[in-house]
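Participant: Supplied in structure tokens, the structure appears directly below.
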Amino acid sequence: MKPAPFDWLQARTVDEAVGALVAAEGDALVVAGSQSLGPMLNLRLVQPSLLVDIRGIEGLLAVDEADDGAAGPAITYGSLVTHAAIEDGRVADGTNGLMPQVARGIAYRAIRTCGTIGGSVCHADPAGDWGTALTLLSATALIEGPAGRRAVPIEGFFLGPFGTVLAPGDLLVGLRVPRLPPGTRWAYEKCCRKPGEFAESIVGMLRNEAQGTCRIVVGANGGAPVVIDDRGILRDGFDPVRARAALASAGLDGDPYLLKLHLAMMQRAALEVSTQVPGGRR
Amino acid sequence: MKHPVRLQVNGRAVEAQVEPRLNLADFVRDHLHLTATHVGCEHGVCGACTVLLDGAPARACINFAVRCDGRDVRTLEGLSCDPVMVRLRAAFTAEHALQCGYCTPGMLITARDIVLRLPDADEARIRVELAGNLCRCTGYAGIVRAIASVLEARLSEPSEPSEPR
Ligand SMILES: Cc1cc2nc3c(=O)[nH]c(=O)nc-3n(C[C@H](O)[C@H](O)[C@H](O)COP(=O)(O)OP(=O)(O)OC[C@H]3O[C@@H](n4cnc5c(N)ncnc54)[C@H](O)[C@@H]3O)c2cc1C
Ligand code: FES
Ligand code: FES
């Protein structure tokens, strides 16, 4: 199908984009890589009167490796950084290969060359990869809008399927991703019917034995990514009873098939973080 | 409502006035009469519309022409003398890698990307990379063999000139 007619504005600065979005009073949409918006326009699931194009805003492509703020060392990615740039290692990685692996598993190469990390987060598809991965990494969303600038921890960014805290006129300008502490083992397991398809279950895991920390996130669960804070799941490698109980208390046991998938992904992830050599993977 | 665009298509400078909702596939097909680029699903899934945008594979159905101002577009027509494409064409013929041909233009552009970007790809990797190009005729066996044979031939003579990506 073809989209309903819309007009298009090439914004050169964040202020210009925010101004155009505010002036359109909710009838305009931001376009970044157009890899989610393009299909939605073609299917007429959205029919905005204006697209505000942010791809010409140079600052949104920047990657700040020297970010060493109060919250510790981090790398800040401009929202327009593409999945392919992360996959290829053309931008810095502070996650010991986790982010490039996540990028490589998103859709297909011809989509990754255009799709952006910021667009993926704003689209907030429950099965989207960056939502789960950046929740695992405790990233911070950097937002600029009519009310000025603010920084929102990613755990509070997603409100549900396709829902975020972005208010009308807000732009996601960047994502601040803390560098993983040395010795952190990670896993990112997803179940797709076909490579590149949206996942039916995603489990991300971080484990740092020296610090005694473990973080588990379950994505592609139909809503916002769920953080499970229970180190006991990794006792003796993997404790399935405890894992099932944790999924149940997060409300992820409604569908027996999906519960099994989440458990299987969690078991794979647990195995991965217990066998992985810190500092090098795959 | 129409906006001016200036871009390079297959090495040729093109200027046009386009409606913002016009996708790049319809632009090259209907406005430039370059019909090798096929349109299947129009939502990024099937890969029939895959072209090169600034040298990298991209879906023409979900990239709008108005946003290609200043960019370099290459469709299959613009790759007829490309050394990798010459080999891929011969290999697709030898290995029966097409039947109806609907998927073939996008398949060839993805195949070229695999050959240039992943020179060490084995059969499993080729298959994963082809997940974004649907073929309803061949069952993929011939396509995989064709790409593998070009990769193999290039490994034994690594000096052949080629553009990256
Ligand atoms: C066939 C197919 C398969 C896919 N498979 C996967 C997959 O397996 N995993 C996965 O994670 N993704 C997948 N995707 C989606 C892909 O990752 C997209 O790139 C991504 O979801 C959107 O990024 P974009 O830059 O293209 O954003 P756009 O499509 O341009 O925008 C998406 C939404 O976000 C808004 N937006 C974009 N940028 C900003 C910003 N900076 N500030 C505020 N709002 C903004 C837009 O208004 C729009 O509502 C797939 C897409 C396709 C077509
Ligand atoms: S027509 Fe573009 S991917 Fe199917
Ligand atoms: S040859 Fe017919 S779809 Fe591939």
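Just remember, in the structure tokens the first chain shown is A, the second B, etc., residues are 1-based per chain, and ligands are 1-based in the order shown.
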Residues within 12 Å of ligand 3, counting only C-alpha atoms and all ligand atoms: report them as a PDB file with N, CA and C atoms, in the first residue's frame.
Facilitator:
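Result file is pocket15.pdb:
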```
ATOM      1  N   HIS B  38      12.379  -4.497  -7.882  1.00  0.00           N
ATOM      2  CA  HIS B  38      11.017  -5.017  -7.769  1.00  0.00           C
ATOM      3  C   HIS B  38      10.383  -4.599  -6.450  1.00  0.00           C
ATOM      4  N   VAL B  39       9.070  -4.575  -6.445  1.00  0.00           N
ATOM      5  CA  VAL B  39       8.344  -4.202  -5.239  1.00  0.00           C
ATOM      6  C   VAL B  39       7.463  -5.383  -4.844  1.00  0.00           C
ATOM      7  N   GLY B  40       7.673  -5.887  -3.628  1.00  0.00           N
ATOM      8  CA  GLY B  40       6.881  -7.027  -3.165  1.00  0.00           C
ATOM      9  C   GLY B  40       5.969  -6.635  -2.028  1.00  0.00           C
ATOM     10  N   CYS B  46      10.504  -8.485   2.421  1.00  0.00           N
ATOM     11  CA  CYS B  46      10.805  -9.471   1.378  1.00  0.00           C
ATOM     12  C   CYS B  46      12.135  -9.251   0.679  1.00  0.00           C
ATOM     13  N   GLY B  47      12.623  -8.026   0.638  1.00  0.00           N
ATOM     14  CA  GLY B  47      13.937  -7.760   0.059  1.00  0.00           C
ATOM     15  C   GLY B  47      13.968  -7.571  -1.447  1.00  0.00           C
ATOM     16  N   ALA B  48      12.827  -7.689  -2.118  1.00  0.00           N
ATOM     17  CA  ALA B  48      12.826  -7.579  -3.585  1.00  0.00           C
ATOM     18  C   ALA B  48      13.283  -6.194  -4.050  1.00  0.00           C
ATOM     19  N   PHE B  92      24.764 -17.447 -10.777  1.00  0.00           N
ATOM     20  CA  PHE B  92      23.316 -17.661 -10.637  1.00  0.00           C
ATOM     21  C   PHE B  92      22.800 -18.495 -11.816  1.00  0.00           C
ATOM     22  N   THR B  93      23.332 -18.236 -13.002  1.00  0.00           N
ATOM     23  CA  THR B  93      22.910 -19.008 -14.171  1.00  0.00           C
ATOM     24  C   THR B  93      23.372 -20.456 -14.035  1.00  0.00           C
ATOM     25  N   HIS B  96      21.412 -22.461 -11.306  1.00  0.00           N
ATOM     26  CA  HIS B  96      19.935 -22.383 -11.327  1.00  0.00           C
ATOM     27  C   HIS B  96      19.422 -21.621 -10.106  1.00  0.00           C
ATOM     28  N   ALA B  97      19.962 -20.467  -9.852  1.00  0.00           N
ATOM     29  CA  ALA B  97      19.629 -19.714  -8.642  1.00  0.00           C
ATOM     30  C   ALA B  97      18.403 -18.822  -8.835  1.00  0.00           C
ATOM     31  N   LEU B  98      17.680 -19.003  -9.919  1.00  0.00           N
ATOM     32  CA  LEU B  98      16.424 -18.267 -10.075  1.00  0.00           C
ATOM     33  C   LEU B  98      15.455 -19.057 -10.939  1.00  0.00           C
ATOM     34  N   GLN B  99      14.181 -18.764 -10.698  1.00  0.00           N
ATOM     35  CA  GLN B  99      13.173 -19.378 -11.556  1.00  0.00           C
ATOM     36  C   GLN B  99      12.297 -18.270 -12.119  1.00  0.00           C
ATOM     37  N   CYS B 100      11.385 -17.694 -11.308  1.00  0.00           N
ATOM     38  CA  CYS B 100      10.536 -16.632 -11.856  1.00  0.00           C
ATOM     39  C   CYS B 100      11.299 -15.322 -11.955  1.00  0.00           C
ATOM     40  N   GLY B 101      12.307 -15.140 -11.120  1.00  0.00           N
ATOM     41  CA  GLY B 101      13.121 -13.929 -11.200  1.00  0.00           C
ATOM     42  C   GLY B 101      12.632 -12.760 -10.373  1.00  0.00           C
ATOM     43  N   TYR B 102      11.515 -12.952  -9.666  1.00  0.00           N
ATOM     44  CA  TYR B 102      10.986 -11.785  -8.932  1.00  0.00           C
ATOM     45  C   TYR B 102      11.935 -11.332  -7.829  1.00  0.00           C
ATOM     46  N   CYS B 103      12.524 -12.302  -7.132  1.00  0.00           N
ATOM     47  CA  CYS B 103      13.401 -11.953  -6.010  1.00  0.00           C
ATOM     48  C   CYS B 103      14.800 -11.593  -6.473  1.00  0.00           C
ATOM     49  N   THR B 104      15.126 -11.906  -7.736  1.00  0.00           N
ATOM     50  CA  THR B 104      16.522 -11.928  -8.179  1.00  0.00           C
ATOM     51  C   THR B 104      17.262 -10.589  -8.068  1.00  0.00           C
ATOM     52  N   PRO B 105      16.671  -9.463  -8.461  1.00  0.00           N
ATOM     53  CA  PRO B 105      17.436  -8.207  -8.340  1.00  0.00           C
ATOM     54  C   PRO B 105      17.867  -7.918  -6.900  1.00  0.00           C
ATOM     55  N   GLY B 106      16.944  -8.082  -5.959  1.00  0.00           N
ATOM     56  CA  GLY B 106      17.287  -7.850  -4.554  1.00  0.00           C
ATOM     57  C   GLY B 106      18.258  -8.903  -4.058  1.00  0.00           C
ATOM     58  N   MET B 107      18.053 -10.126  -4.525  1.00  0.00           N
ATOM     59  CA  MET B 107      18.930 -11.231  -4.132  1.00  0.00           C
ATOM     60  C   MET B 107      20.352 -10.952  -4.591  1.00  0.00           C
ATOM     61  N   LEU B 108      20.516 -10.454  -5.811  1.00  0.00           N
ATOM     62  CA  LEU B 108      21.859 -10.182  -6.345  1.00  0.00           C
ATOM     63  C   LEU B 108      22.534  -9.051  -5.567  1.00  0.00           C
ATOM     64  N   LEU B 130      20.849 -14.281   3.984  1.00  0.00           N
ATOM     65  CA  LEU B 130      19.776 -14.286   2.980  1.00  0.00           C
ATOM     66  C   LEU B 130      18.384 -14.271   3.615  1.00  0.00           C
ATOM     67  N   ASN B 133      15.826 -11.842   2.282  1.00  0.00           N
ATOM     68  CA  ASN B 133      15.421 -11.865   0.870  1.00  0.00           C
ATOM     69  C   ASN B 133      14.617 -13.132   0.630  1.00  0.00           C
ATOM     70  N   LEU B 134      13.316 -12.958   0.433  1.00  0.00           N
ATOM     71  CA  LEU B 134      12.448 -14.127   0.288  1.00  0.00           C
ATOM     72  C   LEU B 134      12.440 -14.604  -1.161  1.00  0.00           C
ATOM     73  N   CYS B 135      12.637 -15.912  -1.341  1.00  0.00           N
ATOM     74  CA  CYS B 135      12.489 -16.536  -2.653  1.00  0.00           C
ATOM     75  C   CYS B 135      11.455 -17.632  -2.514  1.00  0.00           C
ATOM     76  N   ARG B 136      10.411 -17.542  -3.320  1.00  0.00           N
ATOM     77  CA  ARG B 136       9.344 -18.534  -3.223  1.00  0.00           C
ATOM     78  C   ARG B 136       9.524 -19.662  -4.226  1.00  0.00           C
ATOM     79  N   CYS B 137      10.531 -19.561  -5.107  1.00  0.00           N
ATOM     80  CA  CYS B 137      10.681 -20.586  -6.137  1.00  0.00           C
ATOM     81  C   CYS B 137      11.772 -21.589  -5.836  1.00  0.00           C
ATOM     82  N   THR B 138      12.979 -21.113  -5.535  1.00  0.00           N
ATOM     83  CA  THR B 138      14.146 -21.985  -5.679  1.00  0.00           C
ATOM     84  C   THR B 138      14.456 -22.851  -4.482  1.00  0.00           C
ATOM     85  N   GLY B 139      13.942 -22.526  -3.317  1.00  0.00           N
ATOM     86  CA  GLY B 139      14.360 -23.267  -2.131  1.00  0.00           C
ATOM     87  C   GLY B 139      15.752 -22.909  -1.680  1.00  0.00           C
ATOM     88  N   TYR B 140      16.325 -21.891  -2.265  1.00  0.00           N
ATOM     89  CA  TYR B 140      17.608 -21.293  -1.830  1.00  0.00           C
ATOM     90  C   TYR B 140      18.856 -22.105  -2.144  1.00  0.00           C
ATOM     91  N   ALA B 141      18.731 -23.403  -2.390  1.00  0.00           N
ATOM     92  CA  ALA B 141      19.937 -24.238  -2.518  1.00  0.00           C
ATOM     93  C   ALA B 141      20.865 -23.673  -3.600  1.00  0.00           C
ATOM     94  N   GLY B 142      20.282 -23.352  -4.774  1.00  0.00           N
ATOM     95  CA  GLY B 142      21.107 -22.842  -5.869  1.00  0.00           C
ATOM     96  C   GLY B 142      21.675 -21.465  -5.572  1.00  0.00           C
ATOM     97  N   ILE B 143      20.901 -20.640  -4.888  1.00  0.00           N
ATOM     98  CA  ILE B 143      21.364 -19.290  -4.551  1.00  0.00           C
ATOM     99  C   ILE B 143      22.565 -19.371  -3.616  1.00  0.00           C
TER     100      ILE B 143
END
```
Participant: I need the contact residues of chain A against chain B, so if you could list those with any atom within 7 Å, counting only C-alpha atoms, and return them as a PyMOL selection string, that would help.
Facilitator: chain A and resi 1+3+5-8+34-35+38-39+42+108+110-111+113-114+195-196
Participant: Store the residues of this selection in a file with all heavy atoms, as a tab-separated table (two decimals), in the first residue's frame.
Facilitator:
```tsv
chain	number	residue	atom	x	y	z
A	1	MET	N	0.84	-1.21	0.00
A	1	MET	CA	0.00	0.00	0.00
A	1	MET	C	0.86	1.25	0.00
A	1	MET	O	2.04	1.18	0.35
A	1	MET	CB	-0.87	0.00	1.26
A	1	MET	CG	-2.32	-0.20	0.97
A	1	MET	SD	-3.21	-0.59	2.48
A	1	MET	CE	-3.44	1.01	3.21
A	3	PRO	N	1.43	5.28	1.37
A	3	PRO	CA	1.01	6.12	2.50
A	3	PRO	C	-0.03	7.15	2.09
A	3	PRO	O	-0.12	7.53	0.92
A	3	PRO	CB	2.31	6.84	2.90
A	3	PRO	CG	3.41	6.18	2.16
A	3	PRO	CD	2.82	5.50	0.97
A	5	PRO	N	-1.11	11.02	1.95
A	5	PRO	CA	-0.21	12.15	1.71
A	5	PRO	C	0.25	12.81	3.01
A	5	PRO	O	-0.49	12.86	3.99
A	5	PRO	CB	-1.07	13.13	0.90
A	5	PRO	CG	-2.18	12.32	0.34
A	5	PRO	CD	-2.41	11.20	1.30
A	6	PHE	N	1.51	13.24	3.00
A	6	PHE	CA	2.03	14.01	4.12
A	6	PHE	C	3.05	14.99	3.59
A	6	PHE	O	3.55	14.83	2.47
A	6	PHE	CB	2.66	13.09	5.19
A	6	PHE	CG	3.72	12.14	4.66
A	6	PHE	CD1	5.03	12.55	4.43
A	6	PHE	CD2	3.40	10.81	4.40
A	6	PHE	CE1	5.99	11.68	3.95
A	6	PHE	CE2	4.37	9.92	3.91
A	6	PHE	CZ	5.67	10.36	3.69
A	7	ASP	N	3.35	16.00	4.36
A	7	ASP	CA	4.40	16.93	3.97
A	7	ASP	C	5.67	16.57	4.73
A	7	ASP	O	5.64	15.75	5.67
A	7	ASP	CB	3.99	18.39	4.23
A	7	ASP	CG	4.80	19.35	3.35
A	7	ASP	OD1	5.63	18.87	2.54
A	7	ASP	OD2	4.61	20.56	3.47
A	8	TRP	N	6.77	17.17	4.36
A	8	TRP	CA	8.08	16.76	4.88
A	8	TRP	C	8.92	17.99	5.15
A	8	TRP	O	8.92	18.93	4.36
A	8	TRP	CB	8.74	15.86	3.84
A	8	TRP	CG	10.17	15.52	4.07
A	8	TRP	CD1	10.65	14.56	4.90
A	8	TRP	CD2	11.31	16.10	3.45
A	8	TRP	NE1	12.02	14.52	4.83
A	8	TRP	CE2	12.44	15.45	3.94
A	8	TRP	CE3	11.48	17.12	2.50
A	8	TRP	CZ2	13.73	15.78	3.53
A	8	TRP	CZ3	12.76	17.45	2.09
A	8	TRP	CH2	13.86	16.77	2.61
A	34	SER	N	13.49	5.61	9.22
A	34	SER	CA	12.25	5.23	8.52
A	34	SER	C	12.08	3.72	8.37
A	34	SER	O	11.26	3.28	7.57
A	34	SER	CB	12.10	5.94	7.17
A	34	SER	OG	12.76	5.28	6.13
A	35	GLN	N	12.79	2.94	9.17
A	35	GLN	CA	12.69	1.48	9.01
A	35	GLN	C	11.52	0.89	9.80
A	35	GLN	O	11.12	-0.25	9.56
A	35	GLN	CB	14.00	0.80	9.39
A	35	GLN	CG	15.18	1.30	8.59
A	35	GLN	CD	14.97	1.14	7.09
A	35	GLN	OE1	14.97	0.03	6.59
A	35	GLN	NE2	14.77	2.23	6.36
A	38	GLY	N	8.45	3.79	8.05
A	38	GLY	CA	8.15	3.52	6.63
A	38	GLY	C	7.07	2.47	6.48
A	38	GLY	O	6.04	2.71	5.84
A	39	PRO	N	7.26	1.29	7.09
A	39	PRO	CA	6.19	0.28	7.02
A	39	PRO	C	4.87	0.78	7.59
A	39	PRO	O	3.80	0.52	7.02
A	39	PRO	CB	6.74	-0.88	7.87
A	39	PRO	CG	8.22	-0.72	7.82
A	39	PRO	CD	8.48	0.75	7.72
A	42	ASN	N	3.32	3.07	5.08
A	42	ASN	CA	2.84	2.32	3.91
A	42	ASN	C	1.57	1.55	4.23
A	42	ASN	O	0.70	1.41	3.37
A	42	ASN	CB	3.93	1.35	3.43
A	42	ASN	CG	5.07	2.07	2.71
A	42	ASN	OD1	5.03	3.28	2.51
A	42	ASN	ND2	6.09	1.33	2.33
A	108	TYR	N	17.62	-7.31	9.09
A	108	TYR	CA	18.52	-7.74	8.01
A	108	TYR	C	19.48	-6.59	7.71
A	108	TYR	O	19.20	-5.44	8.03
A	108	TYR	CB	17.70	-8.11	6.76
A	108	TYR	CG	16.47	-8.89	7.13
A	108	TYR	CD1	15.19	-8.36	7.01
A	108	TYR	CD2	16.60	-10.17	7.68
A	108	TYR	CE1	14.07	-9.07	7.40
A	108	TYR	CE2	15.49	-10.89	8.08
A	108	TYR	CZ	14.23	-10.34	7.94
A	108	TYR	OH	13.13	-11.05	8.34
A	110	ALA	N	20.16	-4.82	5.16
A	110	ALA	CA	19.64	-3.67	4.43
A	110	ALA	C	18.76	-2.79	5.32
A	110	ALA	O	18.50	-1.63	4.99
A	110	ALA	CB	18.85	-4.13	3.20
A	111	ILE	N	18.32	-3.31	6.44
A	111	ILE	CA	17.54	-2.51	7.40
A	111	ILE	C	18.49	-1.89	8.42
A	111	ILE	O	18.34	-0.73	8.80
A	111	ILE	CB	16.45	-3.38	8.03
A	111	ILE	CG1	15.43	-3.67	6.93
A	111	ILE	CG2	15.82	-2.71	9.25
A	111	ILE	CD1	14.29	-4.49	7.24
A	113	THR	N	21.47	-0.89	7.94
A	113	THR	CA	22.24	0.23	7.39
A	113	THR	C	21.48	1.55	7.55
A	113	THR	O	22.09	2.61	7.50
A	113	THR	CB	22.56	0.03	5.89
A	113	THR	OG1	21.32	-0.14	5.20
A	113	THR	CG2	23.45	-1.18	5.66
A	114	CYS	N	20.17	1.48	7.71
A	114	CYS	CA	19.35	2.70	7.81
A	114	CYS	C	18.78	2.91	9.21
A	114	CYS	O	18.67	4.04	9.69
A	114	CYS	CB	18.18	2.64	6.82
A	114	CYS	SG	18.67	2.50	5.10
A	195	PRO	N	15.84	-16.06	11.38
A	195	PRO	CA	16.80	-14.99	11.69
A	195	PRO	C	16.27	-13.65	11.18
A	195	PRO	O	15.80	-13.57	10.04
A	195	PRO	CB	18.06	-15.40	10.92
A	195	PRO	CG	17.92	-16.85	10.65
A	195	PRO	CD	16.45	-17.14	10.60
A	196	GLY	N	16.34	-12.63	12.00
A	196	GLY	CA	15.92	-11.30	11.56
A	196	GLY	C	14.48	-10.97	11.88
A	196	GLY	O	14.08	-9.81	11.86
```
Participant: What does the list of residues within 7 Å of ligand 1 look like if you count only C-alpha atoms and all ligand atoms, written as a PyMOL selection string?
Facilitator: (chain A and resi 29-39+79-80+105-108+111-112+114-120+122-123+127-130+170-173+196-199) or (chain B and resi 43-45)
Participant: So how far away is CA of Ala25 in chain B from CA of Leu60 in chain A, in Å?
Facilitator: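 Going from CA of Leu60 in chain A over to CA of Ala25 in chain B, I get 27.3 Å.
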Participant: Just the helix (DSSP H, G or I) stuff from chain B, please, per backbone DSSP, written as a ChimeraX atom specification.
Facilitator: /B:24-31,65-68,76-79,83-94,104-117,123-132,141-156
Participant: For range 9-14 of chain B, find every residue with an atom within 10 Å (counting only C-alpha atoms), except residues of its own chain fewer than 6 positions away, and show them as number ranges by chain.
Facilitator: B: 28, 32, 34, 52-53, 69-79
Participant: Could you tell me how far CA of Gly89 in chain A lies from CA of Gly59 in chain A, in Å and to one decimal?
Facilitator: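 Between CA of Gly89 in chain A and CA of Gly59 in chain A the gap works out to 19.6 Å.
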Participant: Ranking B:Ala16, B:Cys49, B:Leu151, B:Arg87 by minimum distance to ligand 2 and counting only C-alpha atoms and all ligand atoms, which one comes first?
Facilitator: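 Nearest to ligand 2: B:Cys49.
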Participant: Mind dumping a table of every range 138-226 of chain A residue within 9 Å of range 97-103 of chain A, with the nearest atom pair and its distance in Å to one decimal, using only C-alpha atoms, sorted by chain and rising number, as CSV?
Facilitator:
```
residue,atom,partner,partner_atom,distance
A:Trp186,CA,A:Leu98,CA,7.1
A:Ala187,CA,A:Leu98,CA,7.7
A:Tyr188,CA,A:Val102,CA,7.3
```
Participant: Would you put the residues from that selection into a file with C-alpha atoms, as an mmCIF file, in the first residue's frame?
Facilitator:
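Heads up, here's the output in again09.cif:
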```cif
data_model
loop_
_atom_site.group_PDB
_atom_site.id
_atom_site.type_symbol
_atom_site.label_atom_id
_atom_site.label_comp_id
_atom_site.auth_asym_id
_atom_site.auth_seq_id
_atom_site.Cartn_x
_atom_site.Cartn_y
_atom_site.Cartn_z
ATOM 1 C CA TRP A 186 27.124 -11.203 29.437
ATOM 2 C CA ALA A 187 24.537 -13.112 27.473
ATOM 3 C CA TYR A 188 21.863 -12.021 25.025
#
```
Participant: Please report the interatomic distance between CA of Glu87 in chain A and CA of Pro119 in chain B in Å with one decimal.
Facilitator: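 Atom-to-atom, CA of Glu87 in chain A and CA of Pro119 in chain B are spaced 16.4 Å apart.
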Participant: Smallest atom-to-atom distance to Gly94 in chain A: which of A:Arg176, A:Ala11, A:Gly254, A:Ile54, using only C-alpha atoms?
Facilitator: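 Among the listed residues, the smallest separation from Gly94 in chain A belongs to A:Arg176.
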Participant: What are the DSSP strand (DSSP E or B) residues of chain B, as a list of chain:residue names?
Facilitator: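 Across chain B, those assigned strand (DSSP E or B) are B:His3, B:Pro4, B:Val5, B:Arg6, B:Leu7, B:Gln8, B:Val9, B:Arg12, B:Ala13, B:Val14, B:Glu15, B:Ala16, B:Gln17, B:Val18, B:Asn23, B:Thr50, B:Val51, B:Leu52, B:Leu53, B:Ala56, B:Pro57, B:Ala58, B:Arg59, B:Phe64, B:Asp72, B:Val73, B:Arg74.
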Participant: Find the spatial neighbours of Ala153 in chain B, counting only C-alpha atoms, within a cut-off of 12 Å - ignore same-chain residues fewer than 2 positions away - and output them as a list in words.
Facilitator: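 Here the qualifying residues turn out to be Val84, Arg87, Leu88, Ala91, Val115, Pro119, Asp120, Ala146, Ile147, Ala148, Ser149, Val150, Leu151, Leu155, Ser156, Glu157, Pro158, Ser159 and Glu160 of chain B.
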